[in-house]
$ cat entry_23.cif   # mmCIF, C-alpha atoms and all ligand atoms
data_input
#
loop_
_atom_site.label_atom_id
_atom_site.label_comp_id
_atom_site.auth_asym_id
_atom_site.auth_seq_id
_atom_site.Cartn_x
_atom_site.Cartn_y
_atom_site.Cartn_z
CA MET A 1 47.09 -0.55 -34.58
CA HIS A 2 49.38 -2.11 -32.05
CA GLU A 3 52.59 -2.59 -34.00
CA ILE A 4 54.73 -0.94 -31.33
CA SER A 5 53.47 -3.30 -28.65
CA LEU A 6 54.04 -6.22 -31.02
CA VAL A 7 57.62 -5.10 -31.59
CA ARG A 8 58.18 -4.86 -27.84
CA ASN A 9 56.70 -8.33 -27.60
CA ILE A 10 59.25 -9.59 -30.13
CA PHE A 11 62.11 -8.23 -28.05
CA ARG A 12 60.65 -9.56 -24.82
CA THR A 13 60.23 -13.02 -26.36
CA LEU A 14 63.76 -13.06 -27.76
CA LYS A 15 65.31 -11.90 -24.49
CA GLU A 16 63.54 -14.72 -22.69
CA GLU A 17 64.57 -17.34 -25.23
CA PHE A 18 68.16 -16.12 -25.72
CA PRO A 19 69.19 -14.44 -22.46
CA ASP A 20 72.91 -14.80 -23.25
CA ASP A 21 72.95 -14.25 -27.00
CA PHE A 22 70.35 -11.50 -27.35
CA GLY A 23 73.02 -8.94 -28.22
CA GLN A 24 74.27 -11.08 -31.10
CA ILE A 25 70.91 -11.28 -32.82
CA ARG A 26 71.15 -9.64 -36.22
CA ASP A 27 68.15 -10.66 -38.34
CA ILE A 28 64.68 -11.51 -37.12
CA TYR A 29 62.28 -13.22 -39.50
CA LEU A 30 58.65 -12.69 -38.76
CA THR A 31 55.84 -14.67 -40.39
CA VAL A 32 52.44 -13.04 -40.44
CA GLY A 33 49.25 -14.46 -41.87
CA ILE A 34 46.93 -12.13 -43.76
CA LEU A 35 44.35 -12.57 -40.99
CA SER A 36 46.74 -11.23 -38.35
CA ASN A 37 45.99 -7.76 -39.76
CA VAL A 38 49.66 -6.87 -39.47
CA GLN A 39 50.96 -4.60 -42.20
CA PRO A 40 54.60 -5.48 -42.99
CA ILE A 41 55.63 -1.90 -43.69
CA ALA A 42 53.95 -0.59 -40.52
CA MET A 43 55.64 -3.35 -38.57
CA GLU A 44 59.06 -2.51 -40.01
CA ASN A 45 58.61 1.16 -39.25
CA ALA A 46 57.52 0.39 -35.69
CA PHE A 47 60.62 -1.78 -35.39
CA GLN A 48 62.83 1.10 -36.51
CA ALA A 49 61.12 3.43 -34.05
CA VAL A 50 61.76 1.04 -31.15
CA LEU A 51 65.39 0.61 -32.22
CA GLU A 52 65.86 4.38 -32.12
CA ASP A 53 64.38 4.41 -28.67
CA GLU A 54 66.50 1.65 -27.16
CA PRO A 55 70.22 2.06 -27.79
CA GLY A 56 70.84 -1.54 -26.70
CA TYR A 57 68.81 -2.86 -29.61
CA ARG A 58 70.79 -1.30 -32.47
CA ASN A 59 71.99 -3.30 -35.48
CA LYS A 60 69.01 -5.56 -35.76
CA ASN A 61 66.85 -6.12 -38.81
CA LEU A 62 63.31 -7.31 -39.12
CA LYS A 63 62.06 -9.22 -42.14
CA VAL A 64 58.37 -9.82 -42.52
CA GLU A 65 56.90 -12.57 -44.66
CA VAL A 66 53.16 -12.59 -45.35
CA LEU A 67 51.26 -15.85 -45.72
CA PRO A 68 47.97 -16.23 -47.61
CA ILE A 69 44.94 -17.92 -46.09
CA LEU A 70 44.48 -21.67 -46.52
CA ILE A 71 41.47 -23.62 -45.35
CA HIS A 72 40.97 -27.35 -45.02
CA CYS A 73 37.82 -28.97 -46.35
CA HIS A 74 36.41 -31.89 -44.37
CA TYR A 75 34.37 -33.18 -47.28
CA CYS A 76 37.17 -33.60 -49.79
CA ASP A 77 40.08 -33.58 -47.34
CA LYS A 78 41.89 -30.96 -49.40
CA ASN A 79 43.35 -27.55 -48.71
CA SER A 80 42.49 -24.50 -50.75
CA LEU A 81 43.50 -20.88 -50.97
CA VAL A 82 41.03 -18.26 -49.77
CA GLU A 83 40.70 -15.40 -52.22
CA GLN A 84 38.66 -12.22 -51.74
CA TYR A 85 37.84 -13.52 -48.25
CA ARG A 86 35.49 -16.12 -49.67
CA PHE A 87 35.87 -19.03 -47.27
CA ILE A 88 34.78 -21.81 -49.60
CA CYS A 89 36.53 -24.96 -50.74
CA SER A 90 37.83 -24.51 -54.29
CA TYR A 91 37.19 -28.22 -55.04
CA CYS A 92 33.63 -28.76 -53.87
CA GLY A 93 32.40 -25.23 -53.18
CA LYS A 94 31.31 -25.98 -49.61
CA PRO A 95 31.89 -23.31 -46.97
CA GLY A 96 34.66 -23.90 -44.48
CA LYS A 97 36.39 -22.05 -41.71
CA ASP A 98 39.02 -24.52 -40.65
CA VAL A 99 41.90 -22.11 -41.20
CA ILE A 100 45.20 -23.97 -41.42
CA GLN A 101 47.29 -21.01 -42.49
CA GLY A 102 46.79 -17.26 -42.39
CA GLU A 103 46.49 -16.42 -38.68
CA GLU A 104 50.22 -16.64 -37.91
CA LEU A 105 52.11 -14.10 -35.89
CA LEU A 106 55.39 -15.90 -35.44
CA ILE A 107 59.06 -15.32 -35.06
CA LYS A 108 60.09 -17.91 -37.60
CA LYS A 109 63.84 -17.65 -37.58
CA VAL A 110 66.59 -15.68 -35.91
CA GLU A 111 70.08 -15.18 -37.31
CA PHE A 112 73.05 -14.34 -35.13
CA GLU A 113 76.25 -12.47 -35.79
CA ASP A 114 79.41 -14.50 -35.73
CA MET B 1 69.63 12.84 -32.24
CA GLU B 2 69.05 10.93 -35.44
CA ALA B 3 65.61 11.25 -36.96
CA ILE B 4 63.57 8.11 -37.39
CA LYS B 5 63.62 7.20 -41.04
CA PRO B 6 60.79 5.19 -42.49
CA LYS B 7 62.19 1.98 -43.84
CA SER B 8 62.42 1.06 -47.49
CA ASN B 9 63.92 -2.20 -48.73
CA ARG B 10 67.21 -2.91 -47.10
CA ALA B 11 69.59 -5.75 -47.91
CA ALA B 12 70.69 -8.27 -45.29
CA VAL B 13 74.07 -7.57 -43.70
CA GLY B 14 76.83 -9.63 -42.08
CA SER B 15 77.75 -13.28 -42.13
CA LEU B 16 75.22 -15.24 -40.29
CA GLN B 17 74.58 -18.33 -38.36
CA CYS B 18 71.09 -19.75 -38.54
CA ASP B 19 68.87 -20.95 -35.83
CA ASN B 20 65.44 -22.25 -36.60
CA THR B 21 62.87 -21.28 -34.06
CA THR B 22 59.20 -20.58 -33.94
CA PHE B 23 57.81 -18.33 -31.28
CA ASN B 24 54.18 -17.44 -31.35
CA LEU B 25 53.84 -13.81 -30.33
CA LEU B 26 50.37 -14.45 -29.02
CA LYS B 27 51.28 -17.51 -27.00
CA VAL B 28 51.18 -15.58 -23.72
CA ASN B 29 47.74 -14.25 -24.54
CA ASP B 30 46.43 -17.67 -25.50
CA PHE B 31 47.86 -19.18 -22.34
CA VAL B 32 46.09 -16.60 -20.18
CA ALA B 33 42.86 -17.00 -22.19
CA LYS B 34 42.87 -20.69 -21.31
CA ALA B 35 43.40 -19.81 -17.65
CA ILE B 36 40.31 -17.58 -17.81
CA ARG B 37 38.25 -20.45 -19.28
CA ASP B 38 39.44 -22.73 -16.50
CA ARG B 39 38.62 -20.12 -13.91
CA LEU B 40 35.05 -19.55 -15.11
CA PRO B 41 33.61 -22.99 -15.86
CA GLU B 42 30.09 -21.93 -14.92
CA VAL B 43 29.91 -18.37 -16.25
CA LEU B 44 29.11 -17.68 -19.88
CA VAL B 45 31.66 -15.22 -21.25
CA VAL B 46 30.76 -13.08 -24.27
CA ASN B 47 33.28 -10.83 -26.02
CA LEU B 48 31.35 -7.93 -27.58
CA CYS B 49 33.25 -6.19 -30.38
CA SER B 50 32.55 -3.36 -32.83
CA SER B 51 33.75 -0.04 -34.19
CA PRO B 52 33.53 2.93 -31.80
CA GLY B 53 30.01 4.24 -31.35
CA SER B 54 28.10 1.31 -32.82
CA GLY B 55 25.92 1.17 -29.72
CA LYS B 56 27.48 -1.49 -27.48
CA THR B 57 27.04 0.34 -24.18
CA THR B 58 23.47 1.38 -24.97
CA LEU B 59 22.67 -2.18 -26.02
CA LEU B 60 24.07 -3.57 -22.77
CA GLN B 61 22.05 -1.07 -20.76
CA GLU B 62 18.88 -2.26 -22.48
CA THR B 63 19.97 -5.89 -22.20
CA GLY B 64 20.52 -5.53 -18.46
CA LYS B 65 16.99 -4.20 -17.97
CA ARG B 66 15.47 -7.09 -19.91
CA LEU B 67 17.52 -9.83 -18.30
CA LYS B 68 16.66 -8.69 -14.78
CA GLY B 69 15.09 -11.54 -12.83
CA LYS B 70 16.02 -14.06 -15.56
CA ILE B 71 19.79 -14.26 -15.53
CA ASN B 72 22.43 -12.32 -13.67
CA MET B 73 24.68 -10.28 -15.98
CA ALA B 74 27.96 -8.49 -15.20
CA VAL B 75 30.01 -6.34 -17.56
CA LEU B 76 33.70 -5.61 -17.94
CA VAL B 77 34.09 -2.64 -20.22
CA GLY B 78 37.30 -1.64 -21.93
CA ASP B 79 38.10 1.84 -23.16
CA PRO B 80 41.40 3.55 -23.90
CA GLU B 81 40.55 6.27 -21.36
CA THR B 82 37.76 7.20 -18.88
CA GLU B 83 35.35 5.36 -16.61
CA ARG B 84 32.27 6.64 -18.38
CA ASP B 85 30.84 3.45 -19.79
CA ALA B 86 31.02 1.59 -16.48
CA ILE B 87 29.21 4.49 -14.86
CA ARG B 88 26.52 4.33 -17.55
CA MET B 89 26.04 0.62 -16.80
CA ARG B 90 25.90 1.11 -13.03
CA ASP B 91 23.34 3.89 -13.56
CA VAL B 92 20.92 1.23 -14.76
CA GLY B 93 21.86 -1.25 -12.03
CA ILE B 94 24.36 -3.40 -13.93
CA HIS B 95 27.33 -4.79 -12.00
CA ALA B 96 30.17 -3.28 -14.06
CA LEU B 97 33.88 -2.62 -13.88
CA GLN B 98 35.88 -0.41 -16.23
CA ILE B 99 39.15 -1.59 -17.70
CA VAL B 100 41.12 1.46 -18.77
CA THR B 101 43.56 0.15 -21.36
CA GLY B 102 45.82 3.21 -21.19
CA GLY B 103 45.50 4.11 -24.84
CA MET B 104 45.64 0.55 -26.08
CA CYS B 105 43.43 -0.36 -29.01
CA HIS B 106 42.32 -3.75 -27.72
CA ILE B 107 41.87 -5.75 -24.52
CA GLU B 108 44.33 -8.56 -23.83
CA ALA B 109 43.57 -11.67 -21.83
CA GLN B 110 45.95 -10.55 -19.09
CA MET B 111 43.80 -7.48 -18.39
CA ILE B 112 40.70 -9.63 -17.98
CA TYR B 113 42.51 -12.08 -15.73
CA GLN B 114 43.67 -9.25 -13.48
CA ALA B 115 40.26 -7.61 -13.47
CA LEU B 116 38.73 -10.88 -12.24
CA ASP B 117 40.68 -10.48 -8.99
CA HIS B 118 38.80 -7.26 -8.31
CA PHE B 119 35.39 -8.24 -9.62
CA ASP B 120 32.97 -10.32 -7.64
CA LEU B 121 31.33 -12.87 -9.93
CA ASP B 122 29.43 -14.65 -7.17
CA GLY B 123 26.03 -15.59 -8.58
CA VAL B 124 26.81 -14.16 -12.01
CA ASP B 125 25.62 -16.26 -14.98
CA LEU B 126 26.80 -14.07 -17.82
CA LEU B 127 29.94 -11.96 -18.11
CA VAL B 128 29.97 -9.61 -21.07
CA ILE B 129 33.25 -7.99 -22.05
CA GLU B 130 32.64 -4.77 -23.98
CA ASN B 131 35.82 -4.59 -26.03
CA VAL B 132 37.55 -1.39 -27.17
CA GLY B 133 35.84 0.03 -30.27
CA ASN B 134 38.01 -1.35 -33.08
CA LEU B 135 37.29 -4.05 -35.64
CA VAL B 136 40.94 -4.84 -36.37
CA CYS B 137 43.12 -5.50 -33.34
CA PRO B 138 40.68 -7.14 -30.88
CA ALA B 139 40.08 -9.87 -33.47
CA ALA B 140 43.48 -11.41 -32.73
CA PHE B 141 43.09 -11.57 -28.95
CA ASP B 142 41.26 -14.48 -27.37
CA LEU B 143 39.87 -13.27 -24.03
CA GLY B 144 38.76 -16.69 -22.85
CA GLU B 145 35.26 -16.06 -24.16
CA ASP B 146 32.70 -18.71 -25.07
CA PHE B 147 31.19 -16.55 -27.80
CA ARG B 148 32.28 -13.55 -29.78
CA VAL B 149 29.55 -11.18 -30.87
CA THR B 150 30.22 -8.38 -33.35
CA VAL B 151 27.97 -5.35 -33.56
CA LEU B 152 27.68 -3.58 -36.90
CA SER B 153 25.53 -0.46 -36.87
CA ALA B 154 23.34 0.65 -39.73
CA THR B 155 25.27 3.92 -40.03
CA GLU B 156 28.63 2.22 -40.66
CA GLY B 157 27.85 0.80 -44.09
CA ASP B 158 27.09 -2.77 -45.08
CA ASP B 159 30.55 -3.36 -46.59
CA LYS B 160 32.29 -3.84 -43.23
CA PRO B 161 32.37 -7.66 -43.02
CA LYS B 162 34.64 -7.90 -46.06
CA LYS B 163 36.81 -5.08 -44.79
CA TYR B 164 37.37 -6.66 -41.38
CA PRO B 165 37.17 -10.36 -42.23
CA ARG B 166 38.92 -11.80 -39.22
CA MET B 167 36.46 -10.27 -36.81
CA PHE B 168 33.52 -11.80 -38.63
CA LEU B 169 35.35 -15.09 -39.15
CA THR B 170 35.82 -15.47 -35.41
CA SER B 171 32.33 -14.33 -34.36
CA GLU B 172 29.37 -16.60 -33.77
CA LEU B 173 26.82 -13.80 -33.96
CA MET B 174 26.54 -10.50 -35.82
CA LEU B 175 24.17 -7.91 -34.41
CA VAL B 176 23.05 -5.28 -36.90
CA SER B 177 22.37 -2.38 -34.54
CA LYS B 178 20.48 0.93 -34.78
CA SER B 179 17.91 -0.71 -37.03
CA ASP B 180 15.59 2.23 -36.34
CA LEU B 181 17.86 4.18 -38.72
CA LEU B 182 17.61 1.67 -41.59
CA PRO B 183 14.93 3.69 -43.43
CA TYR B 184 17.26 6.69 -43.57
CA VAL B 185 20.59 5.16 -44.55
CA PRO B 186 21.78 3.09 -47.50
CA PHE B 187 22.41 -0.12 -45.57
CA SER B 188 21.22 -3.52 -46.74
CA VAL B 189 20.98 -6.08 -43.93
CA GLU B 190 20.80 -8.73 -46.63
CA ALA B 191 24.04 -7.61 -48.30
CA ALA B 192 25.87 -7.41 -44.97
CA THR B 193 24.59 -10.89 -44.07
CA LEU B 194 25.68 -12.35 -47.43
CA ASP B 195 29.17 -10.90 -47.08
CA ALA B 196 29.49 -12.04 -43.47
CA ARG B 197 28.42 -15.57 -44.48
CA ASP B 198 30.92 -15.58 -47.36
CA ILE B 199 33.53 -15.36 -44.63
CA ASN B 200 31.77 -17.40 -41.98
CA ALA B 201 28.93 -19.58 -43.23
CA ASP B 202 27.72 -20.32 -39.69
CA ILE B 203 27.41 -16.76 -38.38
CA GLU B 204 24.00 -15.94 -36.94
CA VAL B 205 22.48 -12.50 -37.53
CA ILE B 206 20.04 -10.56 -35.37
CA THR B 207 18.84 -7.04 -36.20
CA VAL B 208 18.40 -4.85 -33.12
CA SER B 209 17.53 -1.33 -32.04
CA SER B 210 18.13 -0.08 -28.51
CA LEU B 211 15.90 2.86 -29.33
CA ASN B 212 12.68 1.12 -30.35
CA GLY B 213 13.43 -2.32 -28.89
CA GLU B 214 13.42 -4.29 -32.14
CA GLY B 215 15.20 -7.64 -31.83
CA LEU B 216 16.13 -7.17 -28.17
CA ASP B 217 13.98 -10.07 -26.99
CA GLN B 218 15.55 -12.32 -29.61
CA TRP B 219 19.04 -11.21 -28.51
CA CYS B 220 18.20 -11.76 -24.84
CA ASP B 221 16.77 -15.20 -25.62
CA TRP B 222 19.98 -16.03 -27.47
CA LEU B 223 21.96 -15.12 -24.34
CA ILE B 224 19.65 -17.04 -22.00
CA GLU B 225 19.93 -20.16 -24.18
CA ARG B 226 23.73 -19.97 -24.30
CA VAL B 227 23.84 -19.54 -20.51
CA SER B 228 21.70 -22.62 -19.94
CA GLU B 229 23.81 -24.64 -22.41
CA LYS B 230 26.94 -23.69 -20.54
CA LYS B 231 25.40 -24.57 -17.19
CA SER B 232 24.24 -27.99 -18.34
CA LYS B 233 27.69 -28.68 -19.81
CA PHE B 234 29.17 -27.82 -16.41
CA GLN B 235 26.75 -30.05 -14.55
CA GLU B 236 27.45 -32.98 -16.88
CA ALA B 237 31.19 -32.64 -16.34
N1 LIG C 1 19.37 5.68 -33.42
C1 LIG C 1 20.00 4.91 -32.54
N2 LIG C 1 21.08 5.39 -31.87
C2 LIG C 1 21.70 4.58 -30.99
C3 LIG C 1 21.27 3.26 -30.76
N3 LIG C 1 22.10 2.69 -29.86
C4 LIG C 1 23.02 3.63 -29.53
N4 LIG C 1 22.77 4.79 -30.20
C5 LIG C 1 23.55 6.03 -30.10
O1 LIG C 1 24.85 5.80 -30.64
C6 LIG C 1 25.85 6.51 -29.90
C7 LIG C 1 26.93 5.59 -29.41
O2 LIG C 1 26.37 4.65 -28.52
P1 LIG C 1 27.23 3.83 -27.45
O3 LIG C 1 26.30 2.86 -26.82
O4 LIG C 1 27.99 4.73 -26.58
O5 LIG C 1 28.25 3.05 -28.42
P2 LIG C 1 29.59 2.23 -28.08
O6 LIG C 1 30.74 3.14 -28.32
O7 LIG C 1 29.58 1.08 -29.06
O8 LIG C 1 29.49 1.76 -26.68
C8 LIG C 1 25.09 7.20 -28.78
O9 LIG C 1 24.86 8.54 -29.14
C9 LIG C 1 23.81 6.43 -28.66
O10 LIG C 1 22.74 7.21 -28.19
C10 LIG C 1 20.12 2.77 -31.49
O11 LIG C 1 19.67 1.62 -31.38
N5 LIG C 1 19.54 3.65 -32.37
MG MG C 2 30.92 1.89 -25.09
ZN ZN C 3 35.76 -29.51 -50.42
#

$ encode --input "entry_23.cif" --output "structure tokens"
Amino acid sequence: MHEISLVRNIFRTLKEEFPDDFGQIRDIYLTVGILSNVQPIAMENAFQAVLEDEPGYRNKNLKVEVLPILIHCHYCDKNSLVEQYRFICSYCGKPGKDVIQGEELLIKKVEFED
Amino acid sequence: MEAIKPKSNRAAVGSLQCDNTTFNLLKVNDFVAKAIRDRLPEVLVVNLCSSPGSGKTTLLQETGKRLKGKINMAVLVGDPETERDAIRMRDVGIHALQIVTGGMCHIEAQMIYQALDHFDLDGVDLLVIENVGNLVCPAAFDLGEDFRVTVLSATEGDDKPKKYPRMFLTSELMLVSKSDLLPYVPFSVEAATLDARDINADIEVITVSSLNGEGLDQWCDWLIERVSEKKSKFQEA
């Protein structure tokens, strides 16, 4: 898995977006869809490992939220939850692969120190 | 030096000021993938994925022989280390370049984009990217391909589609490889197909063997058709 490179990606993204306030970032909220194949615990451990490696990054926390898979059905115009990786509409039973949630790999929110 | 401690649940600390943002960690990759599509309007790009050892390189060697004189194929092959697969392709006359990912478990669009600067695609109709053997990570990285093809070999077990759903969700074609071994292993092509179609109702399935040639003509015809579709789309535009 590539958790370490993802963590480095998080830092790179945040440094670009907050060049002046990067040092004040305290909590980073990550949203990952089930389909992103990112394991929250592996991600958090990779985050810790990178923190240990880069003294400048200390005092930051990562919080990972996992989102289930939702698909949209074109026949009934409704969204349904995908369970057991069965990509079928729970209203009409037709197959669908219009994924509207579940592929995320996002920094959702950042909280700064005062 | 402090040892790295695996993390358990830890409470939030400090008084905080909120800032609502949304940064897609793959946005750079997706941006470069689009640049690859724009750069290759006439070349069909196929991203070939699988577990290690499912027979991708052997399949491409056989494919190259069969496509000779019909369409012009080139291959970019990714591996964590070594040049071996590119050498195997060149041995059978395929125009190939190795991308050594330096230990990385997947190819990113940036690597393809850079490789294109060093790879002559003049007269090439079909560019196949042999991805790093891994059914998890490559699934998340768009390489600017037109089609994603996943190879599942008979020796891996027919339960893989449900174990690696995203790969099968994002593939247009599943190749069941090493079909010459089907009589000797407990692998049901039907069960694998049903599971793959549970995830992706539209996925096509072709059973192939690089050893005895089964299905290779069908696979090559599939490629030739996709190439001609892409070319006519380009000419219309
Ligand atoms: N029986 C059988 N073995 C195959 C077939 N295709 C490849 N192999 C063997 O599987 C192994 C891995 O093949 P390779 O093409 O290097 O797989 P890759 O890692 O996916 O590129 C090699 O020992 C091949 O000889 C096939 O169709 N039938
Ligand atoms: Mg190979
Ligand atoms: Zn429906």

$ closest_atom_pairs --input "entry_23.cif" --of "chain B" --to "ligand LIG 1 (chain C)" --cutoff "6 Å" --atoms "only C-alpha atoms and all ligand atoms" --output "JSON lines"
{"residue": "B:Pro52", "atom": "CA", "partner": "C:LIG1", "partner_atom": "O6", "distance": 4.5}
{"residue": "B:Gly53", "atom": "CA", "partner": "C:LIG1", "partner_atom": "O6", "distance": 3.3}
{"residue": "B:Ser54", "atom": "CA", "partner": "C:LIG1", "partner_atom": "O7", "distance": 4.0}
{"residue": "B:Gly55", "atom": "CA", "partner": "C:LIG1", "partner_atom": "O5", "distance": 3.3}
{"residue": "B:Lys56", "atom": "CA", "partner": "C:LIG1", "partner_atom": "O7", "distance": 3.7}
{"residue": "B:Thr57", "atom": "CA", "partner": "C:LIG1", "partner_atom": "O3", "distance": 3.7}
{"residue": "B:Thr58", "atom": "CA", "partner": "C:LIG1", "partner_atom": "O3", "distance": 3.7}
{"residue": "B:Ser177", "atom": "CA", "partner": "C:LIG1", "partner_atom": "O11", "distance": 5.8}
{"residue": "B:Lys178", "atom": "CA", "partner": "C:LIG1", "partner_atom": "O11", "distance": 3.6}
{"residue": "B:Asp180", "atom": "CA", "partner": "C:LIG1", "partner_atom": "N5", "distance": 5.8}
{"residue": "B:Leu181", "atom": "CA", "partner": "C:LIG1", "partner_atom": "N1", "distance": 5.7}
{"residue": "B:Ser209", "atom": "CA", "partner": "C:LIG1", "partner_atom": "O11", "distance": 3.7}
{"residue": "B:Ser210", "atom": "CA", "partner": "C:LIG1", "partner_atom": "O11", "distance": 3.7}
{"residue": "B:Leu211", "atom": "CA", "partner": "C:LIG1", "partner_atom": "O11", "distance": 4.5}

$ atom_distance --input "entry_23.cif" --atom1 "CA of Lys70 (chain B)" --atom2 "CA of Ser153 (chain B)"
27.0 Å

$ closest_atom_pairs --input "entry_23.cif" --of "chain A" --to "chain B" --cutoff "7 Å" --atoms "all atoms listed in the file" --output "Markdown table"
| residue | atom | partner | partner_atom | distance |
| --- | --- | --- | --- | --- |
| A:Met1 | CA | B:Cys137 | CA | 6.5 |
| A:His2 | CA | B:Cys105 | CA | 6.9 |
| A:Asn9 | CA | B:Leu25 | CA | 6.8 |
| A:Ile10 | CA | B:Leu25 | CA | 6.9 |
| A:Leu35 | CA | B:Arg166 | CA | 5.8 |
| A:Ser36 | CA | B:Ala140 | CA | 6.5 |
| A:Asn37 | CA | B:Val136 | CA | 6.7 |
| A:Glu44 | CA | B:Lys7 | CA | 6.7 |
| A:Asn45 | CA | B:Pro6 | CA | 5.6 |
| A:Ala49 | CA | B:Ile4 | CA | 6.2 |
| A:Glu52 | CA | B:Ile4 | CA | 6.9 |
| A:Tyr85 | CA | B:Ile199 | CA | 5.9 |
| A:Arg86 | CA | B:Asp198 | CA | 5.1 |
| A:Phe87 | CA | B:Ile199 | CA | 5.1 |
| A:Pro95 | CA | B:Ala201 | CA | 6.1 |
| A:Lys97 | CA | B:Asn200 | CA | 6.6 |
| A:Leu105 | CA | B:Leu25 | CA | 5.8 |
| A:Leu106 | CA | B:Asn24 | CA | 4.5 |
| A:Ile107 | CA | B:Phe23 | CA | 5.0 |
| A:Lys108 | CA | B:Thr22 | CA | 4.6 |
| A:Lys109 | CA | B:Asn20 | CA | 5.0 |
| A:Val110 | CA | B:Asp19 | CA | 5.7 |
| A:Glu111 | CA | B:Cys18 | CA | 4.8 |
| A:Phe112 | CA | B:Gln17 | CA | 5.4 |
| A:Glu113 | CA | B:Leu16 | CA | 5.4 |
| A:Asp114 | CA | B:Leu16 | CA | 6.2 |

$ residues_near_ligand --input "entry_23.cif" --ligand "ligand MG 2 (chain C)" --cutoff "10 Å" --atoms "only C-alpha atoms and all ligand atoms" --output "list in words"
Cys49, Ser50, Ser51, Pro52, Gly53, Ser54, Gly55, Lys56, Thr57, Thr58, Leu59, Leu60, Val77, Gly78, Asp79, Arg84, Asp85, Ala86, Arg88, Met89, Glu130, Asn131, Val132 and Gly133 of chain B

$ closest_atom_pairs --input "entry_23.cif" --of "chain A" --to "ligand ZN 3 (chain C)" --cutoff "12 Å" --atoms "all atoms listed in the file" --output "tab-separated table"
residue	atom	partner	partner_atom	distance
A:Ile71	CA	C:ZN3	ZN	9.6
A:His72	CA	C:ZN3	ZN	7.8
A:Cys73	CA	C:ZN3	ZN	4.6
A:His74	CA	C:ZN3	ZN	6.5
A:Tyr75	CA	C:ZN3	ZN	5.0
A:Cys76	CA	C:ZN3	ZN	4.4
A:Asp77	CA	C:ZN3	ZN	6.7
A:Lys78	CA	C:ZN3	ZN	6.4
A:Asn79	CA	C:ZN3	ZN	8.0
A:Ser80	CA	C:ZN3	ZN	8.4
A:Leu81	CA	C:ZN3	ZN	11.6
A:Phe87	CA	C:ZN3	ZN	10.9
A:Ile88	CA	C:ZN3	ZN	7.8
A:Cys89	CA	C:ZN3	ZN	4.6
A:Ser90	CA	C:ZN3	ZN	6.7
A:Tyr91	CA	C:ZN3	ZN	5.0
A:Cys92	CA	C:ZN3	ZN	4.1
A:Gly93	CA	C:ZN3	ZN	6.1
A:Lys94	CA	C:ZN3	ZN	5.7
A:Pro95	CA	C:ZN3	ZN	8.1
A:Gly96	CA	C:ZN3	ZN	8.2
A:Lys97	CA	C:ZN3	ZN	11.5
A:Asp98	CA	C:ZN3	ZN	11.4

$ write_last_selection --input "entry_23.cif" --atoms "C-alpha atoms" --output "PDB file, in the frame of the given file"
ATOM      1  CA  ILE A  71      41.470 -23.620 -45.350  1.00  0.00           C
ATOM      2  CA  HIS A  72      40.970 -27.350 -45.020  1.00  0.00           C
ATOM      3  CA  CYS A  73      37.820 -28.970 -46.350  1.00  0.00           C
ATOM      4  CA  HIS A  74      36.410 -31.890 -44.370  1.00  0.00           C
ATOM      5  CA  TYR A  75      34.370 -33.180 -47.280  1.00  0.00           C
ATOM      6  CA  CYS A  76      37.170 -33.600 -49.790  1.00  0.00           C
ATOM      7  CA  ASP A  77      40.080 -33.580 -47.340  1.00  0.00           C
ATOM      8  CA  LYS A  78      41.890 -30.960 -49.400  1.00  0.00           C
ATOM      9  CA  ASN A  79      43.350 -27.550 -48.710  1.00  0.00           C
ATOM     10  CA  SER A  80      42.490 -24.500 -50.750  1.00  0.00           C
ATOM     11  CA  LEU A  81      43.500 -20.880 -50.970  1.00  0.00           C
ATOM     12  CA  PHE A  87      35.870 -19.030 -47.270  1.00  0.00           C
ATOM     13  CA  ILE A  88      34.780 -21.810 -49.600  1.00  0.00           C
ATOM     14  CA  CYS A  89      36.530 -24.960 -50.740  1.00  0.00           C
ATOM     15  CA  SER A  90      37.830 -24.510 -54.290  1.00  0.00           C
ATOM     16  CA  TYR A  91      37.190 -28.220 -55.040  1.00  0.00           C
ATOM     17  CA  CYS A  92      33.630 -28.760 -53.870  1.00  0.00           C
ATOM     18  CA  GLY A  93      32.400 -25.230 -53.180  1.00  0.00           C
ATOM     19  CA  LYS A  94      31.310 -25.980 -49.610  1.00  0.00           C
ATOM     20  CA  PRO A  95      31.890 -23.310 -46.970  1.00  0.00           C
ATOM     21  CA  GLY A  96      34.660 -23.900 -44.480  1.00  0.00           C
ATOM     22  CA  LYS A  97      36.390 -22.050 -41.710  1.00  0.00           C
ATOM     23  CA  ASP A  98      39.020 -24.520 -40.650  1.00  0.00           C
TER      24      ASP A  98
END

$ residues_around --input "entry_23.cif" --residues "Lys230 (chain B)" --least-positions-apart "2" --cutoff "9 Å" --atoms "all atoms listed in the file" --output "list in words"
Pro41, Glu42, Val43, Leu44, Asp146, Glu225, Arg226, Val227, Ser228, Ser232, Lys233, Phe234 and Gln235 of chain B

$ atom_distance --input "entry_23.cif" --atom1 "CA of Val75 (chain B)" --atom2 "CA of Leu127 (chain B)"
5.6 Å

$ atom_distance --input "entry_23.cif" --atom1 "CA of Val100 (chain B)" --atom2 "CA of Leu135 (chain B)"
18.2 Å

$ axis_aligned_box --input "entry_23.cif" --around "region 79-85 of chain A" --padding-each-side "6 Å" --output "AutoDock Vina command-line options"
--center_x 40.7 --center_y -19.9 --center_z -50.2 --size_x 17.7 --size_y 27.3 --size_z 16.0

$ residues_around --input "entry_23.cif" --residues "Ile4 (chain A)" --least-positions-apart "5" --cutoff "8 Å" --atoms "all atoms listed in the file" --output "PyMOL selection string"
chain A and resi 43+46-47+50

$ write_last_selection --input "entry_23.cif" --atoms "C-alpha atoms" --output "PDB file, keeping the file's coordinate frame"
ATOM      1  CA  MET A  43      55.640  -3.350 -38.570  1.00  0.00           C
ATOM      2  CA  ALA A  46      57.520   0.390 -35.690  1.00  0.00           C
ATOM      3  CA  PHE A  47      60.620  -1.780 -35.390  1.00  0.00           C
ATOM      4  CA  VAL A  50      61.760   1.040 -31.150  1.00  0.00           C
TER       5      VAL A  50
END
